[in-house]
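Visitor: Sharing a structure below in structure tokens format, with a few things to ask.
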Amino acid sequence: MRKYLVEFIGTFFLVFTIGMTVLAPGAGAMAPLAIGSILAVMIFAGGHVSGGHFNPAVTLGVWLRGKCATADVAPYLGAQGAAALLAALAVKTLKTGLITQAATLAGPLSPAVLPALLAEFLFTFALVWVVLNTATAKGTAGNSFYGFAIGFTVLAGAYAVGGVSGGAFNPAVALGLCAMGIVAWGSLWIYLVAGGAAGVAAAAAYKAVNGSD
């Protein structure tokens, strides 16, 4: 239960920070810095207990890499999803009266869908790849930088492709964004598909490079 609580807390503050900095009046161009920072500090705070996933795509990649017990996968995903929904509720409570316009990418034939899928896949892959190589590899064992490496990956991704896909790189974050009205519910599948594919691809790439490490 300690691991699941840590996953809940870390995911909650990640999604809460995203909502509070993205929804007006938010942090504007500084929002990615706040988001990357909260992810980094939550990983430093909870990584020694749960691994500091806070992301279903990361959990999938770490499980495929062999560093997450099968029995923990469903509870991790449940804790992350519940935290995202509660964080969305907290944001909406604090920003009462705020009206948001959901960004719709849902139509399968929409010209915005393929760029969004590609953007989410690429930086979710980058995120899981960095997690695997800085937080689970023998060559980087015991390092003191993994939290910032992971947080800065999200920071870079938000600046690079946030305008294309919203820059979730995390199915739990996407769930929270939908609950807040930032992203249309019909677009959730984009983040689920891209996140799942990226987690699998990153784990395969890690094994190809690192072998049985």
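Letters A, B, ... go to the chains of the structure tokens in the order shown; residues in each chain start at 1; ligands are counted from 1 in the same order.
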Which residues of region 62-145 of chain A sit at most 9 Å from region 189-196 of chain A, using only C-alpha atoms? Give each one's shortest atom pair and distance in Å (one decimal place), in chain and ascending residue order, as a tab-separated table.
Guide:
residue	atom	partner	partner_atom	distance
A:Leu105	CA	A:Ile190	CA	8.3
A:Ala106	CA	A:Ile190	CA	7.9
A:Val113	CA	A:Ile190	CA	7.6
A:Ala116	CA	A:Ile190	CA	7.4
A:Leu117	CA	A:Ala194	CA	5.8
A:Leu118	CA	A:Ala194	CA	7.5
A:Ala119	CA	A:Ala194	CA	8.6
A:Glu120	CA	A:Ala194	CA	5.8
A:Phe121	CA	A:Ala194	CA	4.6
A:Leu122	CA	A:Ala194	CA	8.4
A:Thr124	CA	A:Gly195	CA	6.1
A:Phe125	CA	A:Gly195	CA	7.8
Visitor: I need the residues in region 28-206 of chain A that are helix (DSSP H, G or I) according to DSSP; give them as number ranges by chain.
Guide: A: 28-50, 56-65, 70-94, 113-136, 138-140, 146-165, 171-180, 185-206
Visitor: Neighbouring residues of region 4-9 of chain A were defined as those with any atom within 7 Å, considering only C-alpha atoms; residues of the same chain fewer than 3 positions away were excluded. Please report them as a ChimeraX atom specification.
Guide: /A:1,12-13,46,50,52-54,75-76,79-80,83
Visitor: For Thr21 (chain A), list every protein, DNA or RNA residue within 9 Å, evaluated using only C-alpha atoms, and leave out those in the same chain fewer than 3 positions away; present the list as a list in words.
Guide: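 Counting only C-alpha atoms, the residues come to Phe16, Thr17, Ile18, Ala24, Pro25, Gly26, Ala27, Gly28, Met30, Ala31, Pro32, Ala34 and Ile35 of chain A.
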Visitor: Write the selection just made, keeping C-alpha atoms, as a PDB file, in the first residue's frame?
Guide:
ATOM      1  CA  PHE A  16      -2.911  19.383 -10.164  1.00  0.00           C
ATOM      2  CA  THR A  17       0.084  21.515 -11.165  1.00  0.00           C
ATOM      3  CA  ILE A  18      -0.734  21.065 -14.843  1.00  0.00           C
ATOM      4  CA  ALA A  24      -6.249  30.765 -17.105  1.00  0.00           C
ATOM      5  CA  PRO A  25      -5.112  32.622 -15.195  1.00  0.00           C
ATOM      6  CA  GLY A  26      -2.162  30.284 -15.380  1.00  0.00           C
ATOM      7  CA  ALA A  27       1.576  30.475 -15.739  1.00  0.00           C
ATOM      8  CA  GLY A  28       1.625  31.076 -19.485  1.00  0.00           C
ATOM      9  CA  MET A  30       6.347  29.246 -17.695  1.00  0.00           C
ATOM     10  CA  ALA A  31       3.852  26.395 -17.228  1.00  0.00           C
ATOM     11  CA  PRO A  32       6.181  23.684 -18.623  1.00  0.00           C
ATOM     12  CA  ALA A  34       6.463  24.287 -13.223  1.00  0.00           C
ATOM     13  CA  ILE A  35       5.251  20.958 -14.592  1.00  0.00           C
TER      14      ILE A  35
END
Visitor: Might you pull out every residue within 7 Å of Ala172 (chain A), with only C-alpha atoms counted and same-chain residues fewer than 4 positions away left off, and present them as a list in words?
Guide: Asn55, Pro56, Gln80, Gly81, Ala84 and Gly176 of chain A
Visitor: Emit the selected residues as a PDB file, in the first residue's frame, including C-alpha atoms.
Guide:
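See again09.pdb below for the written result:
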ATOM      1  CA  ASN A  55       2.406   7.582 -15.507  1.00  0.00           C
ATOM      2  CA  PRO A  56       0.757   4.430 -16.908  1.00  0.00           C
ATOM      3  CA  GLN A  80      -2.612   7.016 -11.075  1.00  0.00           C
ATOM      4  CA  GLY A  81      -6.083   7.235 -12.642  1.00  0.00           C
ATOM      5  CA  ALA A  84      -5.731  12.324 -11.916  1.00  0.00           C
ATOM      6  CA  GLY A 176      -7.149  14.614 -15.876  1.00  0.00           C
TER       7      GLY A 176
END
Visitor: Which residues, written as a list of chain:residue names, have at least one atom at most 9 Å from Val131 (chain A), with only C-alpha atoms counted and residues fewer than 3 positions away on the same chain left out?
Guide: A:His53, A:Val58, A:Gly61, A:Val62, A:Ala126, A:Leu127, A:Val128, A:Thr134, A:Ala135, A:Thr136, A:Tyr146, A:Gly147, A:Ala149, A:Ile150
Visitor: Take the residues from that selection and put them in a file with C-alpha atoms, as a PDB file, in the first residue's frame.
Guide:
ATOM      1  CA  HIS A  53       6.237   6.268 -12.181  1.00  0.00           C
ATOM      2  CA  VAL A  58       6.103   4.432 -17.565  1.00  0.00           C
ATOM      3  CA  GLY A  61       7.646   0.225 -19.857  1.00  0.00           C
ATOM      4  CA  VAL A  62       9.171  -0.582 -16.465  1.00  0.00           C
ATOM      5  CA  ALA A 126      11.589   9.777 -24.861  1.00  0.00           C
ATOM      6  CA  LEU A 127      10.185   9.969 -21.338  1.00  0.00           C
ATOM      7  CA  VAL A 128      10.006   6.196 -20.796  1.00  0.00           C
ATOM      8  CA  THR A 134      18.401   6.723 -15.527  1.00  0.00           C
ATOM      9  CA  ALA A 135      16.262   4.982 -12.903  1.00  0.00           C
ATOM     10  CA  THR A 136      16.535   1.257 -13.697  1.00  0.00           C
ATOM     11  CA  TYR A 146      17.399  10.848 -12.390  1.00  0.00           C
ATOM     12  CA  GLY A 147      14.559  13.046 -11.119  1.00  0.00           C
ATOM     13  CA  ALA A 149      16.529  14.031 -16.142  1.00  0.00           C
ATOM     14  CA  ILE A 150      12.932  12.798 -16.190  1.00  0.00           C
TER      15      ILE A 150
END
Visitor: Please indicate the distance in Å from CA of Asn133 (chain A) to CA of Ala71 (chain A), rounded to one decimal place.
Guide: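 Those two atoms sit 23.0 Å apart.
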Visitor: Restricting the calculation to only C-alpha atoms: of A:Gly36, A:Met42, A:Gly186, A:Arg65, which residue gets closest to Gly211 (chain A)?
Guide: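 Result for the nearest residue to Gly211 (chain A): A:Arg65.
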Visitor: With distances taken over only C-alpha atoms, which of A:Ile182, A:Leu132, A:Ala45, A:Val161 is nearest to Val91 (chain A)?
Guide: A:Ile182
